[in-house]
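A.B. asks: Supplied in structure tokens, the structure appears directly below.
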Amino acid sequence: MDIPEYMKASNWIWNPDWSAEDKDRPRVMLFRKELRLEDEPYEGRLKISADTRYKLYVNARLVEVGPSRGDHQVWFYDTVDIGAFLRKGANVIGVSVLRYPEDPAAGNHGMFRTPLPGLYVTGKIRDMAGNEYDVSADDSWKCRIDTGVTFYREEEHFAPLVIHERAAGDPELFGWKGVRYDDGPWQRAKPYRKELVPEAVSPGNLKPRNIPYMYRKKDRFRKVMDVKKTSHPREAWTAFLRGEKTITVPARTEAVVELDAGEEMTGYIRAAFSGGKDAEVSLLYAEAYVQEGFVGPELIPVKADRMDRENGHLQGYEDFYRVAGVGTEEEQEVYEPYWFRTFRFVRLRVKTAEEKIVLHGLDYEETGYPLEVATSVRTSDPSLGPIWEISERTLRRCMHETYEDCPFYEQLQYIMDARVQILYTYAVSADDRLARKCMDDLRRSQRYDGLLNCSYPNCNTNVIPGFSVYYILMVYDHMMYFGDRRLVAEHMPAIDQILHYFERHLTEEGYVEKVGGVNREARFWSFIDWADAWNDTSGMPTAGLKGPLTMETLLYIYGLQHAGYLADFLGRGEEAKLYRDRARRAQEAVRTCCIGDNGMVQDGPGIREYSQHCQVFALLTDTVDPEAGKRNLLKTIREPGYTQCTVAMRFYLFRALEKAGLYACTDQYWDTWRKMVKLHCTTCVESEAYARSECHGWGALILYELPGITLGVRPAAPGYKKVRIAPVAGYLTSAMGTVKTPVGNIRVSWKIKDGSFIMDYETPQDIEVVR
């Protein structure tokens, strides 16, 4: 009798003795597949995925890391060519799988997992003689749990990463990725039956990877920052970092040194040893030297000069490793934390037991999204050059398999952050691949009420109502840069549901009612900005303690207006009119209920609290007339007492300054970034009030401002069918550069001479230019 298809084995495998204890903690599972090629390899392409993460090795060499982040609806697989890593004779394919528990609090927040831990592999290898070797996952694969690796929460209350390790070398696993290793004691993997891996849901709902693979590039630490405790001079440690010599730490002693990568970095750490049984090695990762004392409600360490080792100290997250002592000079014991680390400085601490240890190397592989920056701009203000440099690095470090708010603390794709990061990406590279994935991710996060999760992929629910509007702006931006009608049409139902949520929550007067509050105290979080005056309300204007927020109505208006443009693009005139009519009614409600006696827009209806934010968005949405908007904005710049836009909201402040003819005022706001450079930041900080994160994507503002405003190159019609070249000089006297666009490179140069504005530009042929 034939076995029904659903009863047959799938190509998903796992450990047959997976226990309840294993399910409840992060675990690393190791898999091996041995094979012998009769001739030289010809091709070797396989498909691979895992729940939760995999690292694929062939003959002890790391080939690829994946899969791309999915969720409960979509799971991704990678197609990997391993041919270049194979050889005639004995070969071994090794896969290390990191499995997080289903409980979101017990693992990384940004990595979904399903009830089914597993490794998926399909593929065949062919050699030059035409022989085929099936390497698909089945019971010919061997497996074993690496019980020597445990993962711990990096913070007591909020731990979104859970990537840092307490690990111990295991002599029984030494060399497990290589062909000489004996896996005889390992268990045979157990394939899941197909009925246990339904193709309708994750992880069975496999889709091909839709973004490029992350790059990996070997690199070394630049220098020794400080020698805290060691018998070796600084020069010896410097030679060690260069790979020119080893360092021996005698038995029953301790060595502590602090190393500098030269810049904020995301990379896979690698440490190599010989000897040193039971030595304790710790690696502390830090973004900066911090001072004594704390600021803000979350007690963020005080920061000054980021390289001030004399008055400061390193503070960050650590990995701990106990050395097995099995390494030799020829075949060293290697510790490589599973996930990439974010660091600028690393403190290495080695404490030996009864045996000396020889350190053979400590380096890393830089990793990230393969962003190709092709835009360059030079201006009359030389201080903007270093700002561009730290901003470009910021964007790079906040791009991996998703956009990230910050690589050090959360690695989560927040909607508000990602909207501007995507615009920065378009402006410097015209690359929309990660943006497309971002929009798809966010659309899948939509709730029953129409709102999106404020960050996604995210195993946890966290809703900031206003953030859903920034998703609408993302789709609008993509329309203007790339003109993809199918993409816009796919996202319009989600956009409509977002706007319906706000419509259902309008008061009788016509503005948005109170829909959120302080983080962790209300159903939803009404975050607007990390303004200093709003620290105690977790970024919510304090008017929100008394009632509705005007900003949430202004965001609703902004979303309606942009949805109208999207509907026009799709030829849906009636829908566009409906959106605009609703926007006009909400504008009238703001004019009637939210403007004070001083003519300024209040933070809440009838509440005499005023912020720069409300004046900015009232101007951008045409809720106030241009002259009143300009006058109100100038008050917030020139007069004290108005809550200011921080780094998070400067993009929108700059749009308002541009619209009001006040772009020269950006000079004073660039001082925030000039200060970062002066304090030796190598990336853009999260907030000037208290810089928790040293690298926050929204801070890379200059990547949009210089090409888009200073050179004035922006799309004037969907899909860049027309290009606008309209430089805004502001306080500058000259600028020149090349802007990468979806229709090709555009070169612009201009200068102000004897009071006259002189401009020259060059565009690809057949592009209509609007001035």
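Going by the structure tokens order, chains are called A, B, ..., each with residues numbered from 1, while ligands are numbered from 1 in the order shown.
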Excluding Asp432 in chain A and its own-chain neighbours fewer than 2 positions away, which residues fall within 10 Å of it when counting only C-alpha atoms? Please give them as a compact mmCIF listing (two decimals) with C-alpha atoms, in the first residue's frame.

C.D. replies:
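And here is the file that came out, out_3.txt:
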# COMPACT_ATOMS: atom_id res chain seq x y z
CA ILE A 211 16.85 40.87 -0.63
CA ILE A 422 14.50 54.54 3.05
CA LEU A 423 14.56 58.08 1.68
CA THR A 425 18.85 55.07 0.75
CA TYR A 426 17.06 56.30 -2.37
CA SER A 429 21.97 54.69 -4.08
CA ALA A 430 18.53 54.51 -5.77
CA LEU A 434 15.29 46.55 1.28
CA ALA A 435 12.54 49.19 1.13
CA ARG A 436 10.23 46.81 -0.70
CA LYS A 437 10.79 44.16 1.94
CA CYS A 438 10.23 46.72 4.67
CA HIS A 478 8.32 54.71 -3.53
CA TYR A 481 10.97 57.42 -7.05
CA PHE A 482 9.98 54.22 -8.88
CA PRO A 742 16.50 55.47 -10.69

A.B. asks: Write out as number ranges by chain all residues of range 118-185 of chain A that backbone DSSP assigns to strand (DSSP E or B).

C.D. replies: A: 118-127, 132-134, 142-145, 149-152, 164-168

A.B. asks: Let me make sure I understand: among A:Asn535, A:Asn59, A:Thr646, A:Gln187, which one has the smallest atom-to-atom distance to Pro16 in chain A if we use only C-alpha atoms?

C.D. replies: A:Gln187

A.B. asks: Go through A:Asp319, A:Asp417, A:Glu21, A:Glu292 and flag the residue nearest Ser455 in chain A, using only C-alpha atoms for the distances.

C.D. replies: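 Ranked by minimum distance to Ser455 in chain A, first place goes to A:Asp417.
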
A.B. asks: Within 9 Å of Phe467 in chain A, counting only C-alpha atoms, which residues qualify if same-chain residues fewer than 5 places away don't, as a VMD selection string?

C.D. replies: chain A and resid 414 to 416 451 to 455 527 to 528 555

A.B. asks: Restricting the calculation to only C-alpha atoms, which member of A:Glu280, A:Asp305, A:Glu310, A:Glu366 is positioned closest to Thr682 in chain A?

C.D. replies: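 The answer is A:Asp305, which sits nearest to Thr682 in chain A.
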
A.B. asks: Have a look at CA of Thr266 in chain A and CA of Phe340 in chain A and let me know their distance in Å, one decimal.

C.D. replies: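 Straight-line distance from CA of Thr266 in chain A to CA of Phe340 in chain A works out to 6.3 Å.
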
A.B. asks: Enumerate, in order of chain and increasing residue number, the residues of range 59-145 of chain A with an atom no farther than 12 Å from range 215-231 of chain A, each with its shortest atom pair and distance in Å to one decimal, counting only C-alpha atoms, as a tab-separated table.

C.D. replies:
residue	atom	partner	partner_atom	distance
A:Leu62	CA	A:Arg216	CA	10.3
A:Val63	CA	A:Arg216	CA	10.1
A:Glu64	CA	A:Arg216	CA	9.4
A:Val65	CA	A:Arg216	CA	10.0

A.B. asks: For the selection just defined, write its residues with N, CA, C and O atoms to a file, as a PDB file, in the first residue's frame.

C.D. replies:
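Output (part.pdb):
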ATOM      1  N   LEU A  62      32.824  29.150   6.597  1.00  0.00           N
ATOM      2  CA  LEU A  62      31.487  29.742   6.648  1.00  0.00           C
ATOM      3  C   LEU A  62      31.078  30.192   5.251  1.00  0.00           C
ATOM      4  O   LEU A  62      31.775  30.977   4.600  1.00  0.00           O
ATOM      5  N   VAL A  63      29.941  29.676   4.786  1.00  0.00           N
ATOM      6  CA  VAL A  63      29.453  29.990   3.442  1.00  0.00           C
ATOM      7  C   VAL A  63      28.372  31.059   3.491  1.00  0.00           C
ATOM      8  O   VAL A  63      28.418  32.041   2.766  1.00  0.00           O
ATOM      9  N   GLU A  64      27.352  30.866   4.349  1.00  0.00           N
ATOM     10  CA  GLU A  64      26.248  31.816   4.370  1.00  0.00           C
ATOM     11  C   GLU A  64      25.557  31.796   5.724  1.00  0.00           C
ATOM     12  O   GLU A  64      25.663  30.843   6.490  1.00  0.00           O
ATOM     13  N   VAL A  65      24.839  32.890   5.979  1.00  0.00           N
ATOM     14  CA  VAL A  65      24.082  33.080   7.215  1.00  0.00           C
ATOM     15  C   VAL A  65      22.654  33.449   6.834  1.00  0.00           C
ATOM     16  O   VAL A  65      22.434  34.273   5.944  1.00  0.00           O
TER      17      VAL A  65
END
